[in-house]
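Asks: Mind looking over this structure? Questions follow.
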Amino acid sequence: MPQEVATPEEDRQQEDQRLLALAQAGDMSAFEALVEAHRDKVFGLALRMTRSEADAAEIAQDTFLAAYQHLKEFRGDAAFGSWVHRIAANHALMRLRHRRVVQAAEDELKGPEFTERGSLADYPERDWSRDAEGKALDAELGLAIQQATDRLPEGYREVFLLKDVEGLSYEQISELTGDSVPAIKSRLHRARLALREAIDQFYNQGSARV
Amino acid sequence: MYTCKDSINLLMDYLDGEMTPEDAQHLKEHLQGCAPCVDFLRTYRATPGLCKRALAKSMPQELSSKLTEFLRSKIKSAS
Ligand SMILES: [Zn+2]
């Protein structure tokens with residue numbers, strides 16, 4: 001039986017390998033235990049990428065069905081979790097590509113402003129990086145971040161989500177999107193700058209209230 | 001001497017540990033004399049982690065049950 005509490009990653013991987021062997025031998029309840037252990041991660045990825053609960057639910061279905069259909073081919077050279085994660089990323093991207101056909105060309109994301117001499121025009125009024133550690137996330141900040149992420153042009157948003165939120169490597173993203181690693185890095189940097197800016201604005205508004 | 005602009009362009013390579021020793025040296029020198037860029041670097045580095053926490057989601061119970069039902073029906077009909 002899968003455990004309710006989250007186990008450390010290594011325990012999870014060992015448990016996955018055990019369940020995988022059973023599932024590959026046709027044990028349906030072992031496969032269901034794998035689904036239960038990984039569905040939040042898969043659904044979360046799909047929801048963040050597509051921003052639609054209905055799409056995310058379908059992607060989760062397609063992902064685990066595909067995983068089941070290819071179960072015998074999966075050799076366990078990667079963790080089961082990262083394998084289904086990549087399947088989900090692929091399904092989510094396909095959906096976004098399909099949607100994007102009707103969308104207009106993307107805006108370029110502007111970075112921070114500099115003076116003529118190349119100095120920062122606006123700099124952080126305070127270093128809020130420590131606030132990011134530990135304690136529960138401020139709900140308003142959480143909302144501000146969600147909105148800022150939603151405002152990113154698609155290509156930037158995808159790369160940011162896949163790399164910084166889902167933890168895929170540049171190479172894995174390149175494989176999924178067909179974009180070059182330098183292009184991915186450049187978009188990721190721009191996306192981070194825009195989100196940093198949004199968080200900075202949130203904290204500066206906050207300090208005006210104090 | 002690097003400007004803030006040069007330094008900020010290099011932040012990602014710096015955090016990825018993918019800088020030439022020469023660039024790293026230039027960046028270090030700039031950061032030593034530029035407090036705003038140090039704050040910028042720290043907040044840039046904290047951004048992904050904050051976003052990850054803000055964007056965390058779990059699957060609603062109802063959808064989880066539907067997923068299980070869906071897989072059972074598909075897998076049964078295939079075998
Ligand atoms: Zn500077």
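Just so we're on the same page: first chain in the structure tokens is A, next is B, and so on; residues restart at 1 for each chain, and ligands are numbered from 1 in the order they show up.
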Identify every residue of chain B that has at least one atom within 7 Å of any atom of chain A, counting only C-alpha atoms, and report the result as an MDAnalysis selection string.
Replies: chainID B and resid 3:5 12 36 39:40 42:44 46:48 50:52 54:59 63 67 71
Asks: Just list as a PyMOL selection string whatever in region 19-204 of chain A DSSP marks as helix (DSSP H, G or I).
Replies: chain A and resi 19-24+28-50+53-69+71-73+80-100+129-132+139-151+154-165+170-177+181-204
Asks: Select, from B:Asp23, B:Ser65, B:Gly49, B:Ser7, the residue with the minimum atom-to-atom distance to ligand 1, counting only C-alpha atoms and all ligand atoms.
Replies: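 The closest residue to ligand 1 is B:Ser7.
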Asks: Using only C-alpha atoms and all ligand atoms, which residue out of B:Gln61, B:Glu69, B:Arg45, B:Lys28 lies closest to ligand 1?
Replies: B:Lys28
Asks: Just give me the gap between CA of Ser52 (chain A) and CA of Phe80 (chain A) in Å, one decimal is fine.
Replies: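 Straight-line distance from CA of Ser52 (chain A) to CA of Phe80 (chain A) works out to 25.3 Å.
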Asks: At a cut-off of 8 Å, using only C-alpha atoms, what residues contact Tyr156 (chain A)? Leave out same-chain residues fewer than 2 positions from it and give the result as an MDAnalysis selection string.
Replies: chainID A and resid 152:154 158:160 187:188 190:191
Asks: Quick one: write out the picked residues with N, CA, C and O atoms as a compact mmCIF listing (two decimals), in the first residue's frame?
Replies:
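This is the output file selection-v2.txt:
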# COMPACT_ATOMS: atom_id res chain seq x y z
N LEU A 152 3.70 36.13 -18.70
CA LEU A 152 4.86 35.85 -19.55
C LEU A 152 4.40 35.36 -20.92
O LEU A 152 3.46 34.58 -21.01
N PRO A 153 5.07 35.80 -21.99
CA PRO A 153 4.75 35.24 -23.31
C PRO A 153 4.97 33.72 -23.29
O PRO A 153 5.87 33.23 -22.58
N GLU A 154 4.13 32.98 -24.04
CA GLU A 154 4.13 31.51 -23.98
C GLU A 154 5.51 30.85 -23.97
O GLU A 154 5.80 30.02 -23.13
N GLU A 158 6.78 28.63 -20.83
CA GLU A 158 7.05 27.18 -20.94
C GLU A 158 8.44 26.83 -20.44
O GLU A 158 8.60 25.91 -19.64
N VAL A 159 9.43 27.58 -20.92
CA VAL A 159 10.80 27.28 -20.54
C VAL A 159 11.00 27.47 -19.04
O VAL A 159 11.60 26.63 -18.36
N PHE A 160 10.45 28.55 -18.52
CA PHE A 160 10.58 28.80 -17.08
C PHE A 160 9.94 27.68 -16.27
O PHE A 160 10.53 27.16 -15.32
N ARG A 187 15.86 32.61 -23.07
CA ARG A 187 14.47 32.85 -22.67
C ARG A 187 14.27 32.65 -21.18
O ARG A 187 13.52 33.38 -20.53
N LEU A 188 14.95 31.64 -20.63
CA LEU A 188 14.84 31.39 -19.20
C LEU A 188 15.34 32.61 -18.41
O LEU A 188 14.70 33.04 -17.44
N ARG A 190 15.47 35.73 -19.35
CA ARG A 190 14.49 36.81 -19.49
C ARG A 190 13.28 36.59 -18.59
O ARG A 190 12.76 37.51 -17.98
N ALA A 191 12.82 35.35 -18.56
CA ALA A 191 11.64 35.03 -17.74
C ALA A 191 11.96 35.25 -16.26
O ALA A 191 11.16 35.84 -15.53
Asks: One decimal, in Å: what's the spacing between CA of Gly76 (chain A) and CA of Leu168 (chain A)?
Replies: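 It comes out at 17.8 Å.
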Asks: Separation of CA of Ala183 (chain A) and CA of Lys110 (chain A), in Å?
Replies: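 Computing the Euclidean distance for CA of Ala183 (chain A) and CA of Lys110 (chain A) yields 15.7 Å.
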